[in-house]
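File shown: upload.txt (compact mmCIF, C-alpha atoms and all ligand atoms).
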```
# COMPACT_ATOMS: atom_id res chain seq x y z
CA MET V 102 0.00 0.00 0.00
CA GLN V 103 1.01 3.64 -0.44
CA ALA V 104 1.82 5.68 2.67
CA LEU V 105 3.43 8.98 3.67
CA VAL V 106 6.58 8.03 5.57
CA TYR V 107 8.63 10.32 7.84
CA ARG V 108 12.32 9.85 7.04
CA GLY V 109 13.82 12.21 9.66
CA PRO V 110 13.69 16.01 10.03
CA GLY V 111 12.80 17.70 6.74
CA GLN V 112 12.45 14.38 4.90
CA LYS V 113 9.33 12.52 3.87
CA ALA V 114 8.32 10.28 0.97
CA LEU V 115 5.30 8.57 -0.50
CA GLU V 116 6.37 4.92 -0.29
CA GLU V 117 5.13 1.40 -0.87
CA MET V 118 4.69 -0.10 2.62
CA PRO V 119 3.35 -3.45 3.85
CA LYS V 120 -0.39 -3.46 4.52
CA PRO V 121 -0.98 -3.54 8.31
CA VAL V 122 -2.48 -6.65 9.87
CA VAL V 123 -4.44 -7.42 13.04
CA ARG V 124 -1.80 -8.14 15.72
CA LEU V 125 -3.87 -8.20 18.92
CA PRO V 126 -7.47 -9.41 19.42
CA THR V 127 -8.55 -5.81 20.17
CA ASP V 128 -7.14 -4.40 16.88
CA ALA V 129 -8.98 -3.38 13.74
CA VAL V 130 -7.49 -2.64 10.33
CA VAL V 131 -9.26 0.26 8.61
CA ARG V 132 -9.13 1.14 4.92
CA VAL V 133 -8.68 4.92 5.11
CA THR V 134 -11.00 6.79 2.73
CA ARG V 135 -10.32 10.36 3.92
CA THR V 136 -7.49 11.78 5.98
CA THR V 137 -5.86 15.16 6.54
CA ILE V 138 -2.64 16.86 7.62
CA CYS V 139 -2.34 18.51 11.05
CA GLY V 140 -0.16 21.41 12.20
CA THR V 141 1.41 18.80 14.47
CA ASP V 142 2.61 16.86 11.38
CA LEU V 143 4.50 20.00 10.34
CA HIS V 144 6.05 20.14 13.86
CA ILE V 145 7.12 16.50 13.34
CA MET V 146 8.65 17.36 9.94
CA LYS V 147 10.69 20.10 11.64
CA GLY V 148 12.04 17.49 14.08
CA ASP V 149 10.20 19.01 17.08
CA LEU V 150 8.77 15.67 18.27
CA PRO V 151 11.55 13.19 19.13
CA THR V 152 9.01 10.40 19.85
CA VAL V 153 8.45 10.07 16.09
CA ALA V 154 11.08 7.76 14.61
CA ALA V 155 12.26 7.73 11.00
CA GLY V 156 10.21 5.19 9.04
CA ARG V 157 6.94 6.13 10.77
CA ILE V 158 3.75 6.57 8.70
CA LEU V 159 2.27 9.92 9.79
CA GLY V 160 -1.36 11.00 10.34
CA HIS V 161 -3.83 10.83 13.27
CA GLU V 162 -7.11 11.91 11.66
CA GLY V 163 -9.50 10.29 9.22
CA ILE V 164 -12.46 8.13 8.36
CA GLY V 165 -12.63 4.77 6.63
CA THR V 166 -14.10 1.31 6.29
CA ILE V 167 -13.31 -1.67 8.55
CA ASP V 168 -11.17 -4.15 6.63
CA ALA V 169 -10.50 -6.71 9.38
CA VAL V 170 -11.02 -7.05 13.14
CA GLY V 171 -9.43 -9.14 15.89
CA ALA V 172 -11.44 -11.76 17.77
CA GLY V 173 -11.93 -9.41 20.73
CA VAL V 174 -13.56 -6.56 18.78
CA THR V 175 -17.32 -6.63 19.38
CA ARG V 176 -18.65 -3.28 18.18
CA PHE V 177 -17.30 -3.26 14.60
CA HIS V 178 -17.37 -5.63 11.63
CA PRO V 179 -15.72 -5.64 8.20
CA GLY V 180 -17.50 -3.18 5.93
CA ASP V 181 -18.57 -0.81 8.75
CA ARG V 182 -17.84 2.88 8.12
CA VAL V 183 -15.90 4.46 11.00
CA LEU V 184 -14.51 7.70 12.37
CA ILE V 185 -10.95 7.38 13.72
CA SER V 186 -10.17 9.31 16.92
CA CYS V 187 -6.71 10.90 17.21
CA ILE V 188 -6.66 9.46 20.75
CA THR V 189 -6.42 5.71 21.28
CA ALA V 190 -8.23 4.67 24.47
CA CYS V 191 -8.05 1.27 26.18
CA GLY V 192 -11.12 2.26 28.21
CA LYS V 193 -9.81 0.43 31.27
CA CYS V 194 -6.71 2.12 32.69
CA GLU V 195 -6.79 4.72 35.43
CA TYR V 196 -6.57 7.66 33.01
CA CYS V 197 -9.28 6.32 30.69
CA ARG V 198 -11.54 5.79 33.72
CA ARG V 199 -10.84 9.40 34.76
CA ALA V 200 -11.92 10.63 31.27
CA MET V 201 -8.31 11.46 30.33
CA PRO V 202 -7.56 8.93 27.57
CA SER V 203 -4.93 11.36 26.25
CA HIS V 204 -2.83 9.78 29.01
CA CYS V 205 -4.05 6.18 28.45
CA THR V 206 -1.29 3.83 29.65
CA ASP V 207 -1.72 1.72 26.47
CA GLY V 208 -2.79 4.47 24.08
CA GLY V 209 -3.16 8.26 24.10
CA TRP V 210 -1.82 10.10 21.08
CA ILE V 211 0.06 7.22 19.45
CA LEU V 212 -1.27 7.24 15.84
CA GLY V 213 1.29 8.75 13.52
CA ASN V 214 3.54 9.20 16.55
CA THR V 215 4.71 5.96 18.15
CA ILE V 216 2.72 3.65 15.81
CA ASP V 217 1.92 3.99 12.11
CA GLY V 218 -0.83 6.48 11.28
CA THR V 219 -3.64 7.34 8.89
CA GLN V 220 -1.84 8.95 5.93
CA ALA V 221 -1.94 5.59 4.17
CA GLU V 222 -4.33 3.29 2.36
CA PHE V 223 -4.78 1.21 5.53
CA VAL V 224 -4.14 1.76 9.24
CA ARG V 225 -4.11 -0.55 12.28
CA ILE V 226 -6.23 0.81 15.15
CA PRO V 227 -5.50 -0.70 18.61
CA HIS V 228 -8.38 -0.87 21.12
CA ALA V 229 -10.77 -0.48 18.21
CA ASP V 230 -13.97 -0.77 20.29
CA THR V 231 -13.06 2.33 22.33
CA SER V 232 -11.06 4.29 19.73
CA LEU V 233 -13.41 4.25 16.71
CA TYR V 234 -16.93 5.62 16.25
CA PRO V 235 -19.59 4.38 13.81
CA LEU V 236 -19.87 6.88 10.94
CA PRO V 237 -23.49 8.00 10.64
CA PRO V 238 -24.90 7.27 7.18
CA GLY V 239 -25.25 10.38 5.01
CA ALA V 240 -22.95 12.52 7.18
CA ASP V 241 -20.75 15.08 5.41
CA GLU V 242 -17.45 13.21 5.18
CA ASP V 243 -15.21 16.28 5.31
CA ALA V 244 -17.01 17.39 8.47
CA MET V 245 -16.45 13.95 10.02
CA VAL V 246 -12.67 14.21 9.49
CA MET V 247 -12.69 17.45 11.53
CA LEU V 248 -14.04 15.39 14.46
CA SER V 249 -10.87 13.26 14.72
CA ASP V 250 -8.79 16.04 16.32
CA ILE V 251 -9.48 19.69 15.48
CA LEU V 252 -12.99 20.08 16.92
CA PRO V 253 -12.44 18.19 20.20
CA THR V 254 -9.15 20.08 20.66
CA GLY V 255 -10.70 23.54 20.25
CA TYR V 256 -13.71 22.58 22.34
CA GLU V 257 -12.07 20.66 25.21
CA CYS V 258 -8.79 22.54 25.65
CA GLY V 259 -10.21 25.98 24.73
CA VAL V 260 -13.95 26.33 25.32
CA LEU V 261 -14.58 23.85 28.15
CA ASN V 262 -11.36 24.58 30.03
CA GLY V 263 -12.00 28.31 29.46
CA HIS V 264 -15.51 28.01 30.98
CA VAL V 265 -17.11 30.16 28.27
CA GLN V 266 -20.41 31.51 29.67
CA PRO V 267 -23.38 33.40 28.17
CA GLY V 268 -22.52 37.09 27.86
CA ASP V 269 -18.75 36.56 28.15
CA THR V 270 -16.15 38.41 26.17
CA VAL V 271 -13.82 35.77 24.71
CA ALA V 272 -10.48 36.34 22.99
CA ILE V 273 -9.01 33.62 20.77
CA VAL V 274 -5.34 34.12 19.93
CA GLY V 275 -4.55 32.20 16.72
CA ALA V 276 -7.01 31.66 13.84
CA GLY V 277 -5.60 28.37 12.55
CA PRO V 278 -7.86 25.30 12.32
CA VAL V 279 -7.70 24.81 16.11
CA GLY V 280 -8.48 28.44 16.97
CA LEU V 281 -11.32 28.42 14.43
CA ALA V 282 -12.67 25.18 15.96
CA ALA V 283 -12.68 26.97 19.34
CA LEU V 284 -14.51 29.86 17.65
CA LEU V 285 -17.21 27.54 16.23
CA THR V 286 -17.76 25.66 19.50
CA ALA V 287 -17.56 28.72 21.82
CA GLN V 288 -20.81 29.85 20.20
CA PHE V 289 -22.66 26.90 21.85
CA TYR V 290 -22.57 29.13 24.97
CA THR V 291 -23.65 32.45 23.37
CA PRO V 292 -20.76 34.63 24.54
CA ALA V 293 -21.52 38.31 23.88
CA ARG V 294 -18.28 38.96 22.02
CA ILE V 295 -15.53 36.88 20.46
CA ILE V 296 -12.36 38.76 19.53
CA VAL V 297 -10.00 36.79 17.27
CA ILE V 298 -6.33 37.79 17.03
CA ASP V 299 -3.91 36.63 14.32
CA LEU V 300 -1.20 37.95 11.97
CA ASP V 301 -2.95 36.76 8.80
CA ASP V 302 -5.75 38.94 7.36
CA ASN V 303 -7.16 36.06 5.30
CA ARG V 304 -7.61 33.92 8.43
CA LEU V 305 -9.14 36.90 10.24
CA ARG V 306 -11.65 37.28 7.39
CA VAL V 307 -12.54 33.59 7.77
CA ALA V 308 -12.91 34.15 11.53
CA GLN V 309 -15.43 36.93 10.85
CA GLN V 310 -17.41 34.60 8.58
CA PHE V 311 -17.34 31.99 11.38
CA GLY V 312 -18.78 34.35 14.00
CA ALA V 313 -15.97 36.54 15.40
CA THR V 314 -17.49 39.85 16.49
CA GLU V 315 -14.15 41.66 16.28
CA VAL V 316 -10.77 40.78 14.77
CA VAL V 317 -7.35 42.18 15.57
CA ASN V 318 -4.28 41.85 13.36
CA SER V 319 -1.44 41.81 15.89
CA THR V 320 1.38 42.31 13.37
CA ASP V 321 1.95 45.89 14.61
CA GLY V 322 2.55 44.74 18.21
CA HIS V 323 -0.40 46.77 19.58
CA ALA V 324 -2.87 43.92 20.16
CA VAL V 325 -2.97 44.45 23.94
CA GLU V 326 -3.95 48.14 23.63
CA ARG V 327 -6.56 47.31 20.98
CA VAL V 328 -8.19 44.58 23.08
CA MET V 329 -8.13 46.77 26.21
CA ARG V 330 -9.77 49.60 24.24
CA LEU V 331 -12.41 47.18 22.88
CA THR V 332 -13.21 46.08 26.46
CA ALA V 333 -13.20 49.55 28.09
CA GLY V 334 -10.01 48.66 29.95
CA GLN V 335 -11.47 45.58 31.64
CA GLY V 336 -9.88 42.82 29.58
CA VAL V 337 -11.60 39.58 28.56
CA ASP V 338 -13.40 36.87 30.54
CA VAL V 339 -11.77 34.05 28.58
CA ALA V 340 -8.44 34.11 26.69
CA ILE V 341 -7.76 31.04 24.54
CA GLU V 342 -4.16 30.54 23.41
CA ALA V 343 -4.19 28.62 20.09
CA VAL V 344 -0.70 29.34 18.72
CA GLY V 345 1.95 27.87 21.01
CA LEU V 346 4.45 30.74 21.36
CA ALA V 347 5.78 32.60 24.42
CA GLY V 348 4.58 35.89 22.92
CA THR V 349 1.00 34.76 22.40
CA PHE V 350 0.84 33.29 25.93
CA ALA V 351 2.13 36.66 27.19
CA LEU V 352 -0.61 38.42 25.20
CA CYS V 353 -3.24 36.25 26.90
CA GLN V 354 -1.84 37.23 30.33
CA ASP V 355 -1.98 40.91 29.36
CA ILE V 356 -5.63 40.85 28.24
CA ILE V 357 -7.19 38.53 30.83
CA GLY V 358 -9.65 40.37 33.07
CA VAL V 359 -10.43 39.94 36.78
CA GLY V 360 -11.88 36.46 37.46
CA GLY V 361 -10.99 35.33 33.94
CA HIS V 362 -9.93 31.97 32.53
CA LEU V 363 -6.77 31.60 30.44
CA ALA V 364 -7.02 28.32 28.52
CA ASN V 365 -3.84 27.20 26.79
CA ILE V 366 -4.17 24.94 23.73
CA GLY V 367 -0.86 25.62 21.94
CA VAL V 368 2.00 23.12 22.01
CA HIS V 369 4.94 25.00 23.55
CA GLY V 370 8.51 24.08 22.66
CA THR V 371 10.17 26.69 24.89
CA SER V 372 9.47 28.08 28.36
CA VAL V 373 7.15 31.04 28.87
CA THR V 374 7.18 33.75 31.54
CA LEU V 375 4.35 33.62 34.07
CA HIS V 376 3.59 37.15 35.32
CA LEU V 377 2.45 36.26 38.83
CA GLU V 378 3.61 39.69 40.03
CA LYS V 379 0.60 41.06 38.10
CA LEU V 380 -1.78 38.11 38.18
CA TRP V 381 -1.57 36.84 41.79
CA SER V 382 -4.46 39.07 42.90
CA GLN V 383 -6.66 38.84 39.80
CA ASN V 384 -8.62 35.64 40.66
CA ILE V 385 -7.75 34.08 37.31
CA THR V 386 -7.51 30.41 36.36
CA ILE V 387 -4.90 29.04 33.94
CA THR V 388 -5.51 25.63 32.37
CA THR V 389 -3.55 23.26 30.13
CA ARG V 390 -4.72 20.08 28.38
CA LEU V 391 -3.82 17.48 25.81
CA VAL V 392 -6.98 16.75 23.83
CA ASP V 393 -8.83 13.76 25.27
CA ALA V 394 -11.38 13.50 22.45
CA VAL V 395 -14.01 12.54 25.04
CA THR V 396 -16.48 15.06 23.58
CA THR V 397 -16.52 13.47 20.13
CA PRO V 398 -20.02 11.91 20.57
CA LEU V 399 -21.45 15.27 21.66
CA LEU V 400 -19.73 17.15 18.83
CA LEU V 401 -20.91 14.54 16.32
CA LYS V 402 -24.51 15.26 17.32
CA THR V 403 -24.05 19.01 16.92
CA VAL V 404 -22.62 18.48 13.43
CA LEU V 405 -25.43 16.10 12.41
CA ALA V 406 -28.00 18.60 13.71
CA GLY V 407 -26.43 21.35 11.60
CA LYS V 408 -25.50 23.46 14.65
CA ILE V 409 -21.92 23.73 13.38
CA ALA V 410 -20.50 23.06 9.91
CA PRO V 411 -16.81 22.21 10.38
CA GLN V 412 -16.51 21.22 6.70
CA LYS V 413 -16.15 25.00 6.20
CA LEU V 414 -12.59 24.56 7.51
CA VAL V 415 -11.67 22.49 4.44
CA THR V 416 -10.06 24.62 1.73
CA HIS V 417 -8.33 22.00 -0.47
CA HIS V 418 -8.86 18.43 -1.70
CA PHE V 419 -6.14 16.09 -3.03
CA LYS V 420 -5.86 12.40 -3.85
CA LEU V 421 -3.81 10.41 -1.32
CA ALA V 422 -1.35 9.75 -4.17
CA ASP V 423 -0.74 13.54 -4.32
CA ILE V 424 -0.01 13.90 -0.60
CA LEU V 425 3.41 15.50 -1.17
CA GLN V 426 1.70 18.33 -3.05
CA ALA V 427 -0.86 18.54 -0.23
CA TYR V 428 1.97 18.93 2.34
CA ASP V 429 3.43 21.72 0.22
CA THR V 430 0.07 23.54 0.13
CA PHE V 431 -0.57 23.03 3.85
CA GLY V 432 3.01 24.00 4.74
CA ASN V 433 2.55 27.32 2.88
CA ALA V 434 -0.86 28.04 4.36
CA GLY V 435 -0.52 31.82 4.17
CA ARG V 436 0.45 31.86 0.49
CA GLU V 437 -2.10 29.17 -0.43
CA GLN V 438 -4.88 30.51 1.84
CA ALA V 439 -5.13 26.96 3.20
CA LEU V 440 -6.84 25.79 6.39
CA LYS V 441 -7.51 22.03 6.29
CA VAL V 442 -6.60 19.88 3.27
CA ILE V 443 -8.48 16.61 2.68
CA LEU V 444 -6.83 13.56 1.09
CA THR V 445 -9.14 11.03 -0.52
CA ASN V 446 -8.46 7.34 -1.21
CA PRO V 447 -8.95 6.01 -3.81
N1 LIG V 501 -3.32 20.78 23.28
C1 LIG V 501 -3.55 19.91 22.31
O1 LIG V 501 -3.98 18.77 22.55
C2 LIG V 501 -3.36 20.29 20.90
C3 LIG V 501 -3.93 19.51 19.87
C4 LIG V 501 -3.78 19.92 18.54
C5 LIG V 501 -3.05 21.07 18.25
N2 LIG V 501 -2.48 21.79 19.27
C6 LIG V 501 -1.70 23.02 19.03
O2 LIG V 501 -2.60 24.08 18.80
C7 LIG V 501 -1.90 25.13 18.12
C8 LIG V 501 -2.74 25.61 16.94
O3 LIG V 501 -2.87 24.57 15.97
P1 LIG V 501 -3.27 24.91 14.47
O4 LIG V 501 -3.30 23.60 13.73
O5 LIG V 501 -4.45 25.79 14.43
O6 LIG V 501 -1.94 25.70 14.06
P2 LIG V 501 -1.65 26.75 12.89
O7 LIG V 501 -0.18 26.88 12.83
O8 LIG V 501 -2.42 26.40 11.66
O9 LIG V 501 -2.31 28.12 13.43
C9 LIG V 501 -1.64 29.00 14.26
C10 LIG V 501 -2.15 30.41 13.93
O10 LIG V 501 -1.45 31.32 14.77
C11 LIG V 501 -1.12 32.46 14.04
N3 LIG V 501 0.02 33.11 14.68
C12 LIG V 501 1.33 32.76 14.62
N4 LIG V 501 2.07 33.61 15.35
C13 LIG V 501 1.21 34.51 15.89
C14 LIG V 501 1.37 35.65 16.72
N5 LIG V 501 2.58 36.03 17.16
N6 LIG V 501 0.27 36.34 17.07
C15 LIG V 501 -0.97 35.97 16.65
N7 LIG V 501 -1.17 34.91 15.84
C16 LIG V 501 -0.10 34.18 15.47
C17 LIG V 501 -0.82 31.96 12.64
O11 LIG V 501 -0.98 32.98 11.67
C18 LIG V 501 -1.87 30.85 12.48
O12 LIG V 501 -3.07 31.33 11.89
C19 LIG V 501 -0.55 24.53 17.72
O13 LIG V 501 0.43 24.91 18.67
C20 LIG V 501 -0.82 23.04 17.80
O14 LIG V 501 0.37 22.29 17.94
C21 LIG V 501 -2.63 21.41 20.57
ZN ZN V 502 -3.52 16.95 15.17
ZN ZN V 503 -6.49 3.58 28.89
```
Output the file's structure as structure tokens, nothing else.
Amino acid sequence: MQALVYRGPGQKALEEMPKPVVRLPTDAVVRVTRTTICGTDLHIMKGDLPTVAAGRILGHEGIGTIDAVGAGVTRFHPGDRVLISCITACGKCEYCRRAMPSHCTDGGWILGNTIDGTQAEFVRIPHADTSLYPLPPGADEDAMVMLSDILPTGYECGVLNGHVQPGDTVAIVGAGPVGLAALLTAQFYTPARIIVIDLDDNRLRVAQQFGATEVVNSTDGHAVERVMRLTAGQGVDVAIEAVGLAGTFALCQDIIGVGGHLANIGVHGTSVTLHLEKLWSQNITITTRLVDAVTTPLLLKTVLAGKIAPQKLVTHHFKLADILQAYDTFGNAGREQALKVILTNP
């Protein structure tokens, strides 16, 4: 089968690889029909994630059809259409039982990381019963792919951890797919205002179409003053960090209001400064989280009911055979005006 293989920092290739097989009774093998590329895959390509070894097939998002199951799989049968979660959950360990399968002792984020992933014609899914979802017939397939990672990440790490409430003023720093997913799902709670901050005017225009009440281009370095002016000097109730840089985490600390919630989503590669000398008395809460993808069933219902339309995040379609071109487009998102790219197979 064809697969996108990581060959070390800066190197990848579309290669002929052996088709995966059922190894454990709880495994399923899925024929991938749609997958996508994540910002995290670009981090891997830069060499930022040492857990990913050369020779690894990348990808942790997608939908497909069950090809084979182990004897212990009871919920799925060959031919079933399934949604693949980016988080593998055994369903039994302490962390799974505490609704934190991101830290599952025999799973977590392993697809396209420590085991072969979804950017291939077939993928092996461990703990299939608790890591796959039945794909509802007639569902928009692009929208379903957004449920593997992007939507639960924006919702769980940003909106839920940020405790978005009716009437709140919310700031989302970063209008990439994850920040935009937080924007879509924050609106479940009818905040009064959602201010989106980014460097890219095209992404800010998309944010306005997706429900941002105000946008701020922070290229000039005056984002803090602009947000404080927009909020009559009070700052925001919820600041969601969806970039992963020290500067954007600092911005969130500068704009958070009294009693506010600062919810970090971004993956940080370097240390950040915590301004406790300013924040100790402000009754704020700071949260961090690795996506658990425990809200996927809830989010699936909102998509099926038409409450959100995450397929709007998809800007490009490619065939799986053209995945190198798709990486080029996604890796130059500003130039290409790209958000999510979908790869179809066949
Ligand atoms: N916590 C988790 O479980 C989890 C899961 C998935 C992704 N992530 C992380 O979430 C973050 C966002 O992911 P994404 O796929 O949307 O990434 P992305 O790179 O597509 O989007 C980041 C956005 O931030 C903007 N940006 C960059 N520098 C900025 C600055 N100084 N000020 C304002 N905006 C700036 C960019 O223009 C871009 O639109 C990444 O760090 C990613 O690794 C975390
Ligand atoms: Zn991802
Ligand atoms: Zn577990």
Exercise. How many Å lie between CA of Val373 (chain V) and CA of Cys353 (chain V), rounded to one decimal?
Worked result: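 A separation of 11.8 Å between them.
Restricting the atom set to all atoms listed in the file, one finds that the residues within 6 Å of ligand LIG 501 (chain V) amount to V:Cys139, V:Gly140, V:Thr141, V:Thr254, V:Val274, V:Gly275, V:Ala276, V:Gly277, V:Pro278, V:Val279, V:Gly280, V:Ile298, V:Asp299, V:Leu300, V:Asp301, V:Ser319, V:Ala343, V:Val344, V:Gly345, V:Thr349, V:Ile366, V:Gly367, V:Val368, V:Arg390, V:Leu391, V:Val392.
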For this session: Using CA of Pro110 (chain V) and CA of Gly370 (chain V) as the two end points, give the distance in Å to one decimal.
Result: 15.9 Å
For this session: Please write out the residues within 8 Å of ligand ZN 502 (chain V) as a PyMOL selection string, counting only C-alpha atoms and all ligand atoms.
Result: chain V and resi 138-142+160-162+187+250-251
Problem set entry | All residues 12 Å or closer to Thr386 (chain V), all atoms listed in the file, same chain fewer than 5 positions away omitted, as a PyMOL selection string | chain V and resi 262-264+338-341+353-354+357-365+377+380-381
Problem set entry | Gap from CA of Ala104 (chain V) to CA of Thr396 (chain V) - Å, one decimal |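 These two atoms are separated by 29.3 Å.
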For this session: Tell me which protein, DNA and RNA residues are within 7 Å of Ala283 (chain V), counting all atoms listed in the file, leaving out same-chain ones fewer than 6 positions away, and put them as a PyMOL selection string.
Result: chain V and resi 255-256+259-260
Would you save the residues of that selection, restricted to C-alpha atoms, as an mmCIF file, in the frame of the given file?
```
data_model
loop_
_atom_site.group_PDB
_atom_site.id
_atom_site.type_symbol
_atom_site.label_atom_id
_atom_site.label_comp_id
_atom_site.auth_asym_id
_atom_site.auth_seq_id
_atom_site.Cartn_x
_atom_site.Cartn_y
_atom_site.Cartn_z
ATOM 1 C CA GLY V 255 -10.700 23.540 20.250
ATOM 2 C CA TYR V 256 -13.710 22.580 22.340
ATOM 3 C CA GLY V 259 -10.210 25.980 24.730
ATOM 4 C CA VAL V 260 -13.950 26.330 25.320
#
```
Problem set entry | Within 6 Å of ligand ZN 503 (chain V), counting all atoms listed in the file, residues as a ChimeraX atom specification | /V:190-194,196-197,202,205-207
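With all atoms listed in the file as the basis for measurement, V:Ala129 is the residue among V:Ala129, V:Ala308, V:Val395, V:Val404 that approaches Val174 (chain V) most closely.
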For this session: Could you tell me which of V:Gly173, V:Gly208, V:Pro119, V:Gly334 comes closest to Ser186 (chain V) if we count only C-alpha atoms?
Result: V:Gly208
Exercise. Near Asp181 (chain V), counting only C-alpha atoms, which residues have an atom at most 8 Å away, once you skip same-chain residues fewer than 2 positions from it, shown as JSON, numbers by chain?
Worked result: {"V": [166, 167, 177, 178, 179, 183, 235]}
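All residues of protein, DNA or RNA that reach within 12 Å of Pro447 (chain V), judged by only C-alpha atoms and not counting those fewer than 5 positions away in the chain, are Met102, Gln103, Arg132, Val133, Thr134, Arg135, Thr136, Gly165, Ala221, Glu222, Phe223, Phe419, Lys420, Leu421, Ala422 and Asp423 of chain V.
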Could the residues in this selection be written to a file with C-alpha atoms, as a PDB file, in the frame of the given file?
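This went into selection00.pdb:
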```pdb
ATOM      1  CA  MET V 102       0.000   0.000   0.000  1.00  0.00           C
ATOM      2  CA  GLN V 103       1.010   3.640  -0.440  1.00  0.00           C
ATOM      3  CA  ARG V 132      -9.130   1.140   4.920  1.00  0.00           C
ATOM      4  CA  VAL V 133      -8.680   4.920   5.110  1.00  0.00           C
ATOM      5  CA  THR V 134     -11.000   6.790   2.730  1.00  0.00           C
ATOM      6  CA  ARG V 135     -10.320  10.360   3.920  1.00  0.00           C
ATOM      7  CA  THR V 136      -7.490  11.780   5.980  1.00  0.00           C
ATOM      8  CA  GLY V 165     -12.630   4.770   6.630  1.00  0.00           C
ATOM      9  CA  ALA V 221      -1.940   5.590   4.170  1.00  0.00           C
ATOM     10  CA  GLU V 222      -4.330   3.290   2.360  1.00  0.00           C
ATOM     11  CA  PHE V 223      -4.780   1.210   5.530  1.00  0.00           C
ATOM     12  CA  PHE V 419      -6.140  16.090  -3.030  1.00  0.00           C
ATOM     13  CA  LYS V 420      -5.860  12.400  -3.850  1.00  0.00           C
ATOM     14  CA  LEU V 421      -3.810  10.410  -1.320  1.00  0.00           C
ATOM     15  CA  ALA V 422      -1.350   9.750  -4.170  1.00  0.00           C
ATOM     16  CA  ASP V 423      -0.740  13.540  -4.320  1.00  0.00           C
TER      17      ASP V 423
END
```
For this session: Quick one: everything within 10 Å of Ala324 (chain V), counting all atoms listed in the file, minus sequence neighbours fewer than 3 positions away in the same chain. Send it as a ChimeraX atom specification.
Result: /V:298-299,317-321,327-330,352,355-356
Problem set entry | Residue among V:Leu440, V:Ala240, V:Ile273, V:Thr286 lying closest to Phe350 (chain V), counting all atoms listed in the file | V:Ile273
Exercise. Between V:Ile216, V:Ala169, V:Ala313, V:Glu117, which one has atoms that come closest to Ala155 (chain V), using all atoms listed in the file?
Worked result: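 Counting all atoms listed in the file, the residue closest to Ala155 (chain V) is V:Ile216.
Between Thr430 (chain V) and the candidates V:His228, V:Lys379, V:Lys120, V:His417, the tightest atom-to-atom separation, counting all atoms listed in the file, involves V:His417.
Using only C-alpha atoms, the smallest distance between any of V:Thr127, V:Asn384, V:Gln309, V:Thr332 and Arg225 (chain V) comes from V:Thr127.
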